[in-house]
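File shown: data39.txt. Contents: compact mmCIF, C-alpha atoms.
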```txt
# COMPACT_ATOMS: atom_id res chain seq x y z
CA MET A 4 74.02 24.50 -99.06
CA ALA A 5 76.29 23.67 -101.99
CA VAL A 6 79.18 21.25 -102.23
CA THR A 7 81.84 20.78 -104.88
CA THR A 8 81.45 17.50 -106.74
CA GLN A 9 83.83 15.55 -108.94
CA GLY A 10 84.82 17.69 -111.90
CA GLY A 11 84.55 20.91 -109.93
CA ARG A 12 80.83 21.49 -110.41
CA GLU A 13 78.68 22.53 -107.51
CA GLY A 14 76.12 20.03 -106.28
CA ASN A 15 73.19 20.81 -104.04
CA LEU A 16 72.38 19.40 -100.59
CA GLU A 17 69.11 21.29 -100.11
CA ALA A 18 65.76 19.56 -100.62
CA PRO A 19 64.50 19.75 -104.21
CA VAL A 20 61.77 22.27 -104.95
CA ARG A 21 59.49 22.46 -107.98
CA HIS A 22 58.67 25.69 -109.77
CA PRO A 23 55.13 26.22 -111.08
CA LEU A 24 54.63 25.12 -114.67
CA ASP A 25 54.27 28.25 -116.82
CA TRP A 26 52.14 26.40 -119.36
CA LYS A 27 49.77 29.28 -120.25
CA ASN A 28 52.64 31.52 -121.31
CA PRO A 29 52.92 31.58 -125.16
CA GLN A 30 56.71 31.33 -124.75
CA PHE A 31 56.17 27.86 -123.28
CA TYR A 32 55.20 26.64 -126.77
CA ASP A 33 57.93 28.49 -128.69
CA GLU A 34 59.86 25.68 -130.37
CA GLY A 35 63.04 27.70 -130.77
CA ALA A 36 63.11 28.60 -127.09
CA LEU A 37 62.37 24.98 -126.21
CA ILE A 38 65.28 23.68 -128.31
CA LYS A 39 67.62 26.22 -126.75
CA GLU A 40 66.65 25.07 -123.24
CA MET A 41 66.98 21.41 -124.25
CA GLU A 42 70.51 22.15 -125.50
CA ARG A 43 71.39 23.76 -122.16
CA VAL A 44 69.99 20.91 -120.07
CA PHE A 45 71.23 18.07 -122.29
CA ASP A 46 74.76 19.48 -122.21
CA ILE A 47 74.71 19.46 -118.40
CA CYS A 48 73.34 15.92 -118.42
CA HIS A 49 76.12 14.88 -120.81
CA GLY A 50 78.73 16.16 -118.35
CA CYS A 51 77.16 14.30 -115.43
CA ARG A 52 75.56 11.04 -116.69
CA ARG A 53 74.34 9.94 -113.26
CA CYS A 54 70.93 9.05 -114.71
CA PHE A 55 72.16 6.63 -117.40
CA SER A 56 70.45 3.62 -115.77
CA LEU A 57 67.04 5.10 -115.02
CA CYS A 58 65.18 4.88 -118.33
CA GLN A 59 65.77 4.92 -122.08
CA ALA A 60 65.73 8.72 -122.41
CA PHE A 61 69.25 9.15 -121.04
CA PRO A 62 70.95 6.32 -122.99
CA THR A 63 69.32 7.74 -126.13
CA LEU A 64 70.94 11.11 -125.38
CA PHE A 65 74.34 9.76 -124.36
CA ASP A 66 74.58 7.24 -127.21
CA ALA A 67 73.75 9.96 -129.74
CA ILE A 68 76.47 12.20 -128.34
CA ASP A 69 79.05 9.40 -128.28
CA ALA A 70 78.25 8.46 -131.89
CA SER A 71 78.32 12.06 -133.16
CA GLU A 72 81.12 13.63 -135.14
CA THR A 73 82.44 15.82 -132.33
CA MET A 74 81.27 13.57 -129.47
CA GLU A 75 79.55 16.65 -128.09
CA LEU A 76 75.94 17.81 -128.19
CA ASP A 77 76.59 20.33 -130.96
CA SER A 78 76.77 17.59 -133.61
CA VAL A 79 73.69 15.64 -132.48
CA PRO A 80 70.72 16.00 -134.89
CA LYS A 81 67.77 17.85 -133.40
CA SER A 82 65.53 14.92 -134.38
CA VAL A 83 67.15 13.00 -131.52
CA PHE A 84 65.84 15.61 -129.07
CA TRP A 85 62.28 14.53 -129.85
CA GLN A 86 63.21 10.85 -129.44
CA ILE A 87 64.51 11.65 -125.97
CA ALA A 88 61.22 13.35 -125.10
CA ASP A 89 59.28 10.32 -126.38
CA HIS A 90 61.27 8.01 -124.10
CA CYS A 91 60.58 10.15 -121.01
CA TYR A 92 57.44 8.98 -119.21
CA LEU A 93 57.61 11.50 -116.37
CA CYS A 94 58.45 9.02 -113.60
CA ASP A 95 60.33 11.91 -111.86
CA MET A 96 63.06 9.62 -110.57
CA CYS A 97 65.86 11.64 -112.16
CA TYR A 98 64.58 14.75 -110.42
CA MET A 99 63.95 13.14 -107.04
CA THR A 100 66.83 10.68 -106.66
CA LYS A 101 69.73 11.42 -109.02
CA CYS A 102 70.13 14.99 -110.27
CA PRO A 103 72.32 17.28 -108.12
CA TYR A 104 71.33 20.34 -110.17
CA VAL A 105 67.61 20.64 -109.45
CA PRO A 106 66.26 23.84 -107.88
CA PRO A 107 67.34 25.56 -105.70
CA HIS A 108 70.66 24.91 -107.48
CA PRO A 109 71.33 27.87 -109.81
CA TRP A 110 71.45 25.60 -112.86
CA ASN A 111 67.75 24.98 -112.26
CA LEU A 112 67.33 21.59 -113.98
CA ASP A 113 63.89 20.03 -114.14
CA PHE A 114 64.34 17.33 -116.77
CA PRO A 115 60.83 15.81 -116.45
CA HIS A 116 59.06 19.13 -116.83
CA LEU A 117 61.31 20.08 -119.74
CA MET A 118 60.24 16.84 -121.42
CA LEU A 119 56.63 17.66 -120.55
CA ARG A 120 57.09 21.00 -122.30
CA ALA A 121 58.43 19.17 -125.37
CA LYS A 122 55.43 16.84 -125.33
CA ALA A 123 53.10 19.85 -125.08
CA VAL A 124 54.80 21.49 -128.08
CA LYS A 125 54.46 18.25 -130.07
CA PHE A 126 50.81 17.94 -129.14
CA ARG A 127 50.04 21.53 -130.13
CA LYS A 128 51.78 20.93 -133.48
CA GLY A 129 49.50 17.92 -134.05
CA ASP A 130 52.48 15.56 -134.00
CA THR A 131 50.58 12.91 -132.03
CA ARG A 132 49.39 9.48 -133.13
CA VAL A 133 45.73 8.52 -133.08
CA ARG A 134 46.80 5.54 -130.95
CA ASP A 135 48.17 7.82 -128.26
CA ARG A 136 44.98 9.87 -128.15
CA ILE A 137 42.95 6.67 -127.77
CA LEU A 138 45.16 5.09 -125.12
CA THR A 139 45.07 8.23 -122.97
CA SER A 140 41.27 8.64 -123.24
CA THR A 141 40.72 6.30 -120.32
CA ASP A 142 37.20 7.44 -119.42
CA THR A 143 35.91 7.07 -122.99
CA VAL A 144 37.61 3.73 -123.63
CA GLY A 145 36.48 2.39 -120.26
CA ARG A 146 32.84 3.35 -120.86
CA LEU A 147 32.75 1.92 -124.38
CA ALA A 148 34.70 -1.25 -123.64
CA GLY A 149 32.61 -1.84 -120.52
CA ILE A 150 29.26 -2.00 -122.33
CA PRO A 151 27.64 -5.41 -121.66
CA VAL A 152 28.27 -7.86 -124.55
CA VAL A 153 30.93 -5.48 -125.92
CA VAL A 154 33.09 -6.15 -122.86
CA GLN A 155 33.21 -9.90 -123.54
CA PHE A 156 34.32 -9.26 -127.12
CA VAL A 157 36.98 -6.72 -126.10
CA ASN A 158 38.48 -8.96 -123.41
CA ALA A 159 38.44 -12.03 -125.67
CA ALA A 160 40.01 -10.08 -128.53
CA ASN A 161 42.77 -8.73 -126.30
CA ARG A 162 43.68 -12.32 -125.40
CA ASN A 163 43.67 -13.47 -129.03
CA GLY A 164 47.09 -13.70 -130.68
CA LEU A 165 45.80 -13.00 -134.20
CA PHE A 166 43.85 -9.95 -133.08
CA ARG A 167 46.87 -8.63 -131.19
CA LYS A 168 48.95 -8.89 -134.37
CA VAL A 169 46.30 -6.87 -136.19
CA LEU A 170 46.31 -4.34 -133.37
CA ASP A 171 50.08 -4.10 -133.72
CA LYS A 172 49.82 -3.38 -137.44
CA THR A 173 46.96 -0.90 -137.17
CA LEU A 174 47.44 0.94 -133.86
CA HIS A 175 51.03 -0.10 -133.00
CA VAL A 176 50.09 -1.77 -129.71
CA HIS A 177 52.72 -4.44 -129.03
CA PRO A 178 51.31 -7.98 -129.26
CA ARG A 179 53.14 -9.16 -126.13
CA ALA A 180 52.32 -6.16 -123.97
CA PRO A 181 49.82 -6.80 -121.18
CA VAL A 182 46.60 -4.85 -121.66
CA PRO A 183 44.02 -4.58 -118.89
CA ALA A 184 40.70 -6.38 -118.85
CA TYR A 185 37.49 -4.33 -118.75
CA HIS A 186 34.40 -4.78 -116.59
CA SER A 187 30.79 -3.88 -117.24
CA ASP A 188 30.07 -4.28 -113.54
CA THR A 189 32.24 -1.31 -112.66
CA PHE A 190 33.02 -0.29 -109.12
CA LEU A 191 31.02 2.95 -109.26
CA ARG A 192 28.09 1.27 -110.99
CA ARG A 193 27.56 -1.13 -108.10
CA TRP A 194 28.68 1.18 -105.31
CA HIS A 195 26.47 1.13 -102.19
CA ASP A 196 27.03 4.12 -99.92
CA ASP A 197 26.29 3.45 -96.26
CA SER A 198 28.51 6.24 -94.95
CA ALA A 199 25.50 8.29 -93.87
CA VAL A 200 24.60 5.74 -91.21
CA ALA A 201 28.16 4.69 -90.29
CA ALA A 202 29.75 6.05 -87.16
CA GLN A 203 32.75 8.27 -87.88
CA ALA A 204 36.08 6.91 -86.70
CA GLU A 205 37.92 8.96 -84.14
CA PRO A 206 40.04 11.68 -85.77
CA THR A 207 43.80 11.71 -85.29
CA THR A 208 46.35 14.49 -85.48
CA ALA A 209 46.56 14.09 -89.27
CA THR A 210 43.31 12.35 -90.33
CA ARG A 211 39.64 13.14 -89.88
CA GLY A 212 38.51 9.53 -89.66
CA ARG A 213 36.34 9.31 -92.77
CA VAL A 214 37.38 9.17 -96.40
CA ALA A 215 36.02 9.91 -99.84
CA LEU A 216 37.36 7.46 -102.40
CA PHE A 217 38.56 8.73 -105.77
CA ALA A 218 38.06 5.41 -107.56
CA THR A 219 40.32 6.21 -110.59
CA CYS A 220 39.68 5.01 -114.14
CA TYR A 221 41.74 1.89 -113.61
CA GLY A 222 40.12 1.03 -110.29
CA ASN A 223 36.67 1.57 -111.75
CA TYR A 224 36.84 -0.03 -115.21
CA ASN A 225 39.82 -2.41 -115.11
CA GLU A 226 40.36 -3.76 -111.61
CA PRO A 227 37.38 -2.83 -109.42
CA ARG A 228 38.65 -5.27 -106.83
CA LEU A 229 41.26 -2.66 -105.85
CA ASN A 230 38.50 -0.44 -104.56
CA ASP A 231 36.56 -3.34 -103.05
CA ASP A 232 39.63 -4.27 -101.01
CA LEU A 233 40.32 -0.67 -100.03
CA VAL A 234 36.75 -0.16 -98.82
CA ALA A 235 36.79 -3.47 -96.88
CA VAL A 236 40.07 -2.59 -95.13
CA PHE A 237 38.99 0.94 -94.23
CA ARG A 238 35.59 -0.16 -92.96
CA HIS A 239 37.26 -2.90 -90.92
CA ASN A 240 39.14 -0.07 -89.26
CA GLY A 241 35.89 1.75 -88.54
CA ILE A 242 36.49 4.40 -91.20
CA PRO A 243 33.34 5.36 -93.18
CA VAL A 244 33.86 5.53 -96.94
CA THR A 245 31.97 7.49 -99.56
CA VAL A 246 32.89 8.07 -103.21
CA ALA A 247 33.46 10.95 -105.60
CA GLU A 248 30.60 9.76 -107.78
CA LYS A 249 31.01 11.96 -110.88
CA GLU A 250 34.78 11.85 -111.12
CA ARG A 251 36.76 12.08 -114.34
CA CYS A 252 40.21 10.71 -115.11
CA CYS A 253 42.74 12.46 -112.88
CA GLY A 254 44.50 13.75 -116.01
CA MET A 255 47.82 11.90 -115.69
CA PRO A 256 47.54 10.05 -119.06
CA LYS A 257 46.80 13.33 -120.87
CA LEU A 258 49.63 15.06 -119.00
CA GLU A 259 52.05 12.42 -120.27
CA LEU A 260 50.72 13.03 -123.79
CA GLY A 261 51.26 16.78 -123.48
CA ASP A 262 47.55 17.54 -123.83
CA LEU A 263 47.47 20.14 -121.08
CA GLY A 264 44.09 21.48 -122.19
CA ALA A 265 42.53 18.08 -121.48
CA VAL A 266 44.21 18.08 -118.07
CA GLU A 267 42.55 21.41 -117.32
CA ARG A 268 39.14 20.14 -118.43
CA ALA A 269 39.43 17.13 -116.13
CA LYS A 270 40.55 19.39 -113.30
CA GLU A 271 37.47 21.59 -113.76
CA VAL A 272 35.29 18.53 -113.06
CA ASN A 273 37.28 16.85 -110.30
CA ILE A 274 38.56 19.70 -108.18
CA PRO A 275 35.19 21.31 -107.31
CA LEU A 276 33.79 17.88 -106.47
CA LEU A 277 36.73 16.91 -104.26
CA ALA A 278 37.01 20.34 -102.65
CA ARG A 279 33.33 20.15 -101.66
CA LEU A 280 33.94 16.76 -100.04
CA VAL A 281 36.89 18.20 -98.13
CA ASP A 282 34.71 21.08 -96.93
CA GLU A 283 32.17 18.50 -95.73
CA GLY A 284 34.79 16.87 -93.55
CA TRP A 285 36.13 14.07 -95.73
CA ASP A 286 39.73 13.09 -96.40
CA ILE A 287 40.48 11.83 -99.93
CA VAL A 288 42.19 8.55 -100.87
CA ALA A 289 42.86 6.89 -104.22
CA PRO A 290 44.25 3.38 -104.90
CA VAL A 291 46.64 4.30 -107.75
CA PRO A 292 49.83 6.26 -106.90
CA SER A 293 49.87 8.20 -110.19
CA CYS A 294 46.41 9.58 -109.49
CA VAL A 295 47.36 10.66 -105.97
CA LEU A 296 50.50 12.30 -107.35
CA MET A 297 48.44 14.19 -109.94
CA PHE A 298 46.49 15.91 -107.17
CA LYS A 299 49.47 16.25 -104.82
CA GLN A 300 52.01 17.62 -107.30
CA GLU A 301 51.13 18.17 -110.94
CA LEU A 302 47.84 20.05 -110.62
CA PRO A 303 49.22 22.33 -107.89
CA LEU A 304 52.18 23.13 -110.17
CA MET A 305 49.86 23.82 -113.11
CA PHE A 306 47.37 25.87 -111.07
CA PRO A 307 49.40 27.38 -108.21
CA GLU A 308 46.88 30.16 -107.54
CA ASP A 309 43.78 27.96 -107.29
CA PRO A 310 42.76 27.63 -103.61
CA ASP A 311 40.61 24.54 -104.25
CA VAL A 312 43.56 22.74 -105.88
CA ALA A 313 45.62 23.54 -102.79
CA LYS A 314 42.77 22.34 -100.56
CA VAL A 315 42.61 18.97 -102.32
CA ARG A 316 46.41 18.64 -102.31
CA ALA A 317 46.41 18.97 -98.52
CA ALA A 318 43.61 16.42 -98.06
CA ILE A 319 44.53 13.58 -100.43
CA PHE A 320 46.44 10.52 -99.23
CA ASP A 321 47.84 7.25 -100.45
CA PRO A 322 45.78 4.54 -98.68
CA PHE A 323 48.75 3.09 -96.80
CA GLU A 324 49.98 6.56 -95.88
CA TYR A 325 46.55 7.22 -94.37
CA LEU A 326 46.41 3.97 -92.45
CA MET A 327 49.94 4.39 -91.07
CA LEU A 328 49.13 7.92 -89.91
CA ARG A 329 46.30 6.40 -87.92
CA HIS A 330 48.59 3.66 -86.64
CA LYS A 331 50.96 6.33 -85.36
CA ASP A 332 48.16 7.52 -83.08
CA GLY A 333 47.13 4.00 -82.08
CA LYS A 334 43.99 3.93 -84.27
CA LEU A 335 44.84 1.07 -86.65
CA ARG A 336 43.42 -2.38 -86.02
CA THR A 337 46.14 -5.01 -85.90
CA ASP A 338 43.89 -8.04 -85.37
CA PHE A 339 45.50 -9.89 -88.27
CA LYS A 340 44.36 -13.48 -88.74
CA GLN A 341 46.49 -14.63 -91.67
CA PRO A 342 50.30 -14.39 -92.03
CA LEU A 343 51.49 -13.40 -95.47
CA GLY A 344 54.92 -15.03 -95.53
CA ARG A 345 57.48 -13.51 -97.90
CA ILE A 346 56.47 -10.67 -100.22
CA SER A 347 58.48 -9.23 -103.12
CA TYR A 348 57.22 -5.66 -103.09
CA HIS A 349 57.87 -3.24 -105.97
CA VAL A 350 57.76 0.40 -104.84
CA ALA A 351 56.06 2.39 -107.61
CA CYS A 352 57.96 5.44 -108.87
CA HIS A 353 54.98 7.76 -108.45
CA LEU A 354 54.71 6.61 -104.85
CA ARG A 355 58.40 7.29 -104.19
CA VAL A 356 58.02 10.80 -105.61
CA GLN A 357 55.45 11.60 -102.90
CA ASN A 358 58.22 11.43 -100.25
CA ILE A 359 56.05 9.66 -97.69
CA GLY A 360 58.40 6.76 -97.01
CA MET A 361 57.59 3.08 -97.44
CA LYS A 362 54.23 3.06 -95.70
CA THR A 363 53.01 0.02 -97.64
CA ARG A 364 56.01 -2.03 -96.56
CA ASP A 365 55.76 -0.80 -92.99
CA LEU A 366 52.10 -1.72 -92.68
CA LEU A 367 52.43 -5.14 -94.26
CA GLN A 368 55.31 -5.90 -91.90
CA LEU A 369 52.95 -5.40 -88.97
CA VAL A 370 51.35 -8.68 -90.00
CA PRO A 371 52.91 -11.52 -87.98
CA GLN A 372 55.16 -13.93 -89.88
CA THR A 373 55.48 -11.54 -92.82
CA GLN A 374 58.71 -10.36 -94.46
CA VAL A 375 58.69 -7.69 -97.17
CA ASP A 376 61.55 -7.26 -99.66
CA ALA A 377 61.17 -3.75 -101.10
CA ILE A 378 62.43 -3.18 -104.67
CA GLU A 379 63.08 0.50 -105.48
CA ARG A 380 63.49 0.38 -109.24
CA CYS A 381 61.26 1.43 -112.10
CA SER A 382 59.11 -1.21 -113.79
CA GLY A 383 59.21 0.70 -117.09
CA HIS A 384 55.46 0.51 -117.60
CA ASP A 385 54.15 4.08 -117.39
CA GLY A 386 50.56 3.21 -118.26
CA THR A 387 51.01 3.55 -122.03
CA TYR A 388 54.78 3.43 -122.71
CA ALA A 389 55.03 -0.34 -122.27
CA VAL A 390 52.15 -1.14 -124.61
CA LYS A 391 53.43 0.88 -127.56
CA SER A 392 55.09 -1.25 -130.23
CA GLU A 393 58.12 1.00 -130.59
CA PHE A 394 58.80 1.19 -126.84
CA HIS A 395 57.75 -2.19 -125.44
CA GLU A 396 61.17 -3.84 -125.70
CA SER A 397 62.79 -0.85 -124.00
CA SER A 398 60.20 -1.01 -121.24
CA MET A 399 60.94 -4.69 -120.61
CA LYS A 400 64.67 -3.93 -120.49
CA ILE A 401 64.01 -1.30 -117.83
CA ALA A 402 61.87 -3.81 -115.92
CA GLY A 403 64.58 -6.49 -116.12
CA PRO A 404 66.28 -5.83 -112.76
CA VAL A 405 62.91 -5.76 -110.97
CA VAL A 406 61.78 -8.98 -112.64
CA GLU A 407 65.07 -10.69 -111.75
CA ARG A 408 64.79 -9.62 -108.10
CA VAL A 409 61.29 -11.07 -107.93
CA ARG A 410 62.36 -14.26 -109.70
CA GLN A 411 65.32 -14.85 -107.39
CA ALA A 412 63.28 -14.16 -104.26
CA ALA A 413 60.74 -16.87 -105.11
CA ALA A 414 58.49 -15.26 -102.50
CA ASP A 415 54.97 -16.29 -101.59
CA HIS A 416 53.58 -13.14 -103.22
CA PHE A 417 54.78 -10.37 -105.50
CA SER A 418 53.11 -7.00 -105.38
CA SER A 419 53.21 -3.37 -106.42
CA ASP A 420 51.20 -0.31 -105.40
CA CYS A 421 50.86 0.36 -109.14
CA PRO A 422 48.64 -2.40 -110.58
CA MET A 423 50.00 -1.84 -114.09
CA ALA A 424 53.57 -2.25 -112.83
CA GLY A 425 52.48 -5.49 -111.21
CA HIS A 426 51.31 -6.84 -114.55
CA GLN A 427 54.51 -5.63 -116.21
CA ILE A 428 56.46 -7.75 -113.73
CA GLU A 429 54.08 -10.66 -114.36
CA ASN A 430 54.76 -10.31 -118.09
CA GLY A 431 58.51 -10.42 -117.49
CA LEU A 432 58.32 -13.45 -115.20
CA ALA A 433 56.18 -15.40 -117.70
CA THR A 434 55.32 -18.01 -115.06
CA GLY A 435 51.57 -17.54 -115.02
CA LYS A 436 51.67 -16.28 -111.44
CA ALA A 437 49.67 -13.07 -111.01
CA PRO A 438 50.56 -10.05 -108.88
CA GLU A 439 48.57 -9.35 -105.71
CA HIS A 440 47.98 -5.73 -104.85
CA PRO A 441 49.05 -4.65 -101.35
CA LEU A 442 45.43 -3.78 -100.53
CA SER A 443 44.41 -7.33 -101.44
CA LEU A 444 47.20 -8.73 -99.28
CA LEU A 445 46.18 -6.53 -96.35
CA ARG A 446 42.56 -7.60 -96.70
CA ALA A 447 43.65 -11.26 -96.72
CA ALA A 448 45.75 -10.66 -93.60
CA TYR A 449 42.70 -9.26 -91.82
CA GLY A 450 40.67 -12.25 -92.99
CA ILE A 451 37.77 -10.13 -94.22
```

Please express what this file holds, its structure, as structure tokens.
Amino acid sequence: MAVTTQGGREGNLEAPVRHPLDWKNPQFYDEGALIKEMERVFDICHGCRRCFSLCQAFPTLFDAIDASETMELDSVPKSVFWQIADHCYLCDMCYMTKCPYVPPHPWNLDFPHLMLRAKAVKFRKGDTRVRDRILTSTDTVGRLAGIPVVVQFVNAANRNGLFRKVLDKTLHVHPRAPVPAYHSDTFLRRWHDDSAVAAQAEPTTATRGRVALFATCYGNYNEPRLNDDLVAVFRHNGIPVTVAEKERCCGMPKLELGDLGAVERAKEVNIPLLARLVDEGWDIVAPVPSCVLMFKQELPLMFPEDPDVAKVRAAIFDPFEYLMLRHKDGKLRTDFKQPLGRISYHVACHLRVQNIGMKTRDLLQLVPQTQVDAIERCSGHDGTYAVKSEFHESSMKIAGPVVERVRQAAADHFSSDCPMAGHQIENGLATGKAPEHPLSLLRAAYGI
């Protein structure tokens, strides 16, 4: 159904749909065709401007047009087009919450995937910094940084002001950007699997009552407590947990770089492993929203004909989505022992894109004497965007409204489903108070 919007253009009231990503077509990498499509889309964006407050990509476009000779797109230098692509970190919020012209509208705008195409063209041209290749190689960096003895040096260096200035000069990593700590005692290294002897929880209409954990790079190398808390909560609810032991990075960092070949290589490791677990009767969960989204959306759009990709897409869940599905059928334990008080809760963009509703908020509000203030704005982190020297200040500007909401709330806890977004907020607050992940809060509420 279409409606006429201000200015006479037709808007769209139908649910957005995503078209498969035609990334193996040589035309996808044709720079001339790319620029022509960017001109078409940017001109529509210029006439609408609803997305001006989402990220830095749109102000970069609109400011360039307003400062140009004709105040139209035709006099904007093409070099600006690449700056716009650099500022897009594929949060998908423009597509999901703002743009009235996404498919099935005939104008067929998919701004994030157009920017992904631009990133892929840049990567194929070799127009990519060494820094960006390093930052997105999460498995390699995690393994190397997590070597005993090395890990102490890496973590100490990352906290050292002089070293961070050197890192800024050499790799262009901003000295005030939060960087994650690394662990030699990784989650998967110390994992003990007792699922074989655990009784399976009763299935529900939407869950099978046992889960395989995709630990994620971040949850394995940087904050293994995320997975510890997830396992404790699920086992408290009688749900056996096993792990995808030989997993690779989900591919999201390489997707955001435009290295689609690396995404495919990761998929060739992860998908057969996860599909086998699904065939054996396991549901899949992962503690980081971006990783869940990779399997729910991006890989199915890149590999629409792969039945195993579709199988994993149908079986992977956000942890709170999974628990609330069980609660719907009366299978969630609500024997909470500890109230949580007031929580400032940042809803991660890649969780919002999944269109599952605020399951984290809803579950935490089951805890007696707990109030959750949900903040639906981007933190501006994006995994790597906020740590890059040239983008850090922009990222903190984007995070500003979220930080201010948390500051004014003065709640007992502040939290985000995305652990990196949580630390971005912590960096903006500059009070020394650390974020607490919703899984950690839920575990504390259970008293386990």

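Between Lys172 in chain A and the candidates A:Lys391, A:Gly431, A:Ala123, A:Gly403, the tightest atom-to-atom separation, counting all atoms listed in the file, involves A:Lys391.
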
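Closest approach to Gln203 in chain A among A:Trp285, A:Leu276, A:Ala180, A:Val266: A:Trp285, based on all atoms listed in the file.
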
So that I can check the surroundings of Val236 in chain A, please list as an MDAnalysis selection string every protein, DNA and RNA residue that reaches within 12 Å of it, counting only C-alpha atoms and ignoring chain neighbours fewer than 2 positions away.
chainID A and resid 229:234 238:244 322:323 325:326 335:339 441:451

Next, the residues of the selection above should be written as a PDB file, in the coordinates of the input with C-alpha atoms.
```
ATOM      1  CA  LEU A 229      41.260  -2.660-105.850  1.00  0.00           C
ATOM      2  CA  ASN A 230      38.500  -0.440-104.560  1.00  0.00           C
ATOM      3  CA  ASP A 231      36.560  -3.340-103.050  1.00  0.00           C
ATOM      4  CA  ASP A 232      39.630  -4.270-101.010  1.00  0.00           C
ATOM      5  CA  LEU A 233      40.320  -0.670-100.030  1.00  0.00           C
ATOM      6  CA  VAL A 234      36.750  -0.160 -98.820  1.00  0.00           C
ATOM      7  CA  ARG A 238      35.590  -0.160 -92.960  1.00  0.00           C
ATOM      8  CA  HIS A 239      37.260  -2.900 -90.920  1.00  0.00           C
ATOM      9  CA  ASN A 240      39.140  -0.070 -89.260  1.00  0.00           C
ATOM     10  CA  GLY A 241      35.890   1.750 -88.540  1.00  0.00           C
ATOM     11  CA  ILE A 242      36.490   4.400 -91.200  1.00  0.00           C
ATOM     12  CA  PRO A 243      33.340   5.360 -93.180  1.00  0.00           C
ATOM     13  CA  VAL A 244      33.860   5.530 -96.940  1.00  0.00           C
ATOM     14  CA  PRO A 322      45.780   4.540 -98.680  1.00  0.00           C
ATOM     15  CA  PHE A 323      48.750   3.090 -96.800  1.00  0.00           C
ATOM     16  CA  TYR A 325      46.550   7.220 -94.370  1.00  0.00           C
ATOM     17  CA  LEU A 326      46.410   3.970 -92.450  1.00  0.00           C
ATOM     18  CA  LEU A 335      44.840   1.070 -86.650  1.00  0.00           C
ATOM     19  CA  ARG A 336      43.420  -2.380 -86.020  1.00  0.00           C
ATOM     20  CA  THR A 337      46.140  -5.010 -85.900  1.00  0.00           C
ATOM     21  CA  ASP A 338      43.890  -8.040 -85.370  1.00  0.00           C
ATOM     22  CA  PHE A 339      45.500  -9.890 -88.270  1.00  0.00           C
ATOM     23  CA  PRO A 441      49.050  -4.650-101.350  1.00  0.00           C
ATOM     24  CA  LEU A 442      45.430  -3.780-100.530  1.00  0.00           C
ATOM     25  CA  SER A 443      44.410  -7.330-101.440  1.00  0.00           C
ATOM     26  CA  LEU A 444      47.200  -8.730 -99.280  1.00  0.00           C
ATOM     27  CA  LEU A 445      46.180  -6.530 -96.350  1.00  0.00           C
ATOM     28  CA  ARG A 446      42.560  -7.600 -96.700  1.00  0.00           C
ATOM     29  CA  ALA A 447      43.650 -11.260 -96.720  1.00  0.00           C
ATOM     30  CA  ALA A 448      45.750 -10.660 -93.600  1.00  0.00           C
ATOM     31  CA  TYR A 449      42.700  -9.260 -91.820  1.00  0.00           C
ATOM     32  CA  GLY A 450      40.670 -12.250 -92.990  1.00  0.00           C
ATOM     33  CA  ILE A 451      37.770 -10.130 -94.220  1.00  0.00           C
TER      34      ILE A 451
END
```

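The shell of residues at most 9 Å from range 248-254 of chain A, with only C-alpha atoms counted and near chain neighbours (fewer than 5 positions) removed, consists of Thr139, Ser140, Thr141, Asp142, Leu191, Leu216, Phe217, Ala218, Thr219, Cys220, Glu259, Leu263, Ala265, Val266, Glu267, Arg268, Ala269, Lys270, Val272, Asn273, Leu276, Leu277, Ser293, Cys294, Val295, Met297, Phe298 and Leu302 of chain A.
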
Deliver the residues from the most recent selection as a file, using C-alpha atoms, as a short mmCIF file (atom, residue, chain, number, x, y, z; two decimals), in the coordinates of the input.
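Generated output (selection25.cif):
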```cif
data_model
loop_
_atom_site.label_atom_id
_atom_site.label_comp_id
_atom_site.auth_asym_id
_atom_site.auth_seq_id
_atom_site.Cartn_x
_atom_site.Cartn_y
_atom_site.Cartn_z
CA THR A 139 45.07 8.23 -122.97
CA SER A 140 41.27 8.64 -123.24
CA THR A 141 40.72 6.30 -120.32
CA ASP A 142 37.20 7.44 -119.42
CA LEU A 191 31.02 2.95 -109.26
CA LEU A 216 37.36 7.46 -102.40
CA PHE A 217 38.56 8.73 -105.77
CA ALA A 218 38.06 5.41 -107.56
CA THR A 219 40.32 6.21 -110.59
CA CYS A 220 39.68 5.01 -114.14
CA GLU A 259 52.05 12.42 -120.27
CA LEU A 263 47.47 20.14 -121.08
CA ALA A 265 42.53 18.08 -121.48
CA VAL A 266 44.21 18.08 -118.07
CA GLU A 267 42.55 21.41 -117.32
CA ARG A 268 39.14 20.14 -118.43
CA ALA A 269 39.43 17.13 -116.13
CA LYS A 270 40.55 19.39 -113.30
CA VAL A 272 35.29 18.53 -113.06
CA ASN A 273 37.28 16.85 -110.30
CA LEU A 276 33.79 17.88 -106.47
CA LEU A 277 36.73 16.91 -104.26
CA SER A 293 49.87 8.20 -110.19
CA CYS A 294 46.41 9.58 -109.49
CA VAL A 295 47.36 10.66 -105.97
CA MET A 297 48.44 14.19 -109.94
CA PHE A 298 46.49 15.91 -107.17
CA LEU A 302 47.84 20.05 -110.62
#
```

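As for CA of Asp365 in chain A and CA of Glu324 in chain A, they are spaced 9.8 Å apart.
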
When you draw a straight line from CA of His395 in chain A to CA of Gln411 in chain A, how long is it in Å?
23.3 Å

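The closest residue to Ala209 in chain A, picked from A:Pro183, A:Phe320, A:Ala424, A:Phe84 and counting only C-alpha atoms, is A:Phe320.
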